[in-house]
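**Q** Pasting in a structure now, in structure tokens, and then I'll have a few things to ask.
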Amino acid sequence: MKTLKVWLDEERGRYTALALHLGVSTGRVSQMADHGVPPKFMLMVRDFTKNAVSLEALVSARTPGADVSNPSPDLPHATAAKKTPRAQRDDAREKARKSARRSDGKPSNRNGR
């Protein structure tokens with residue numbers, strides 16, 4: 001199973017050709033190679049590489065730690081996704097906001113009155 005980064009590095013000009021095909025910059029293609037291809041581009045990348053980079057490889061690059069080639073039969077397919085840093089930050093803010101409320105549910109003043 002070949003990764004996109006390996007495929008791109010095999011031949012000169014592939015970053016540029018794929019960027020033109022997808023309508024993105026070569027920098028964006030480099031980001032995709034490092035961090036995974038967004039789902040909306042996966043089929044186009046697979047077709048452009050003539051299936052040298054399979055959908056399986058593209059999906060597994062987007063989901064680190066998941067082995068899509070050998071799913072475990074005793075695990076449900078819809079597992080809870082790891083929260084993004086933004087979601088973690090929003091949860092922390094919500095927790096702080098709730099803890100700043102008085103026992104009667106009203107927000108406390110900054111002066112502590």
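Going by the structure tokens order, chains are called A, B, ..., each with residues numbered from 1, while ligands are numbered from 1 in the order shown.
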Find the residues around Lys5 of chain A up to 7 Å (only C-alpha atoms counted), leave out those fewer than 2 positions away in its own chain, and share them as number ranges by chain.
**A** A: 3, 7-9, 33-34
**Q** Export, as a PDB file, in the first residue's frame, the selected residues with C-alpha atoms.
**A**
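Saved the output as selection-v4.pdb:
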ATOM      1  CA  THR A   3       1.249   6.492   0.460  1.00  0.00           C
ATOM      2  CA  TRP A   7       4.047   8.369  -4.882  1.00  0.00           C
ATOM      3  CA  LEU A   8       4.660  12.117  -5.208  1.00  0.00           C
ATOM      4  CA  ASP A   9       8.379  11.756  -4.431  1.00  0.00           C
ATOM      5  CA  ALA A  33       0.894  14.430   1.588  1.00  0.00           C
ATOM      6  CA  ASP A  34       1.975  15.092   5.179  1.00  0.00           C
TER       7      ASP A  34
END
**Q** I want to know what sits within 10 Å of Met44 of chain A, based on only C-alpha atoms, with residues of the same chain fewer than 6 positions away left out; could you give that as a PDB file with C-alpha atoms, in the first residue's frame?
**A**
ATOM      1  CA  LEU A  18      -1.560  16.947  -8.950  1.00  0.00           C
ATOM      2  CA  HIS A  21      -5.515  18.591 -11.419  1.00  0.00           C
ATOM      3  CA  LEU A  22      -7.072  19.387  -8.028  1.00  0.00           C
ATOM      4  CA  LYS A  50      -4.213   5.428 -11.512  1.00  0.00           C
TER       5      LYS A  50
END
**Q** Can you tell me how far atom CA of Val29 of chain A sits from atom CA of Arg62 of chain A, in Å to one decimal?
**A** 14.2 Å
**Q** A:Arg93, A:Lys98, A:Phe41, A:Ala52: which is nearest Val24 of chain A, counting only C-alpha atoms?
**A**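 Looking at the shortest contact to Val24 of chain A, the residue is A:Phe41.
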**Q** For each of A:Val6, A:Val37, A:Ala19, A:Leu43, take the minimum atom-to-atom distance to Ser60 of chain A, counting only C-alpha atoms, then give the residue where this is smallest.
**A**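 That would be A:Val37, the residue with the smallest distance to Ser60 of chain A.
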**Q** Name all residues at most 9 Å from Leu58 of chain A (count only C-alpha atoms; drop same-chain ones fewer than 5 positions away) and give them as a list in words.
**A**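 Contacts, with the query itself left out: Thr3, Leu4, Gly36, Val37, Pro38, Pro39, Met42, Val45, Arg46, Val53 and Thr63 of chain A.
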**Q** Just how far from atom CA of Gly13 of chain A is atom CA of Phe48 of chain A, in Å to one decimal?
**A**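 Atom-to-atom, atom CA of Phe48 of chain A and atom CA of Gly13 of chain A are spaced 13.5 Å apart.
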**Q** Per DSSP on the backbone, filter segment 1-71 of chain A down to the residues in alpha helix (DSSP H) and report them as a PyMOL selection string.
**A** chain A and resi 4-10+14-22+26-35+39-48+55-62
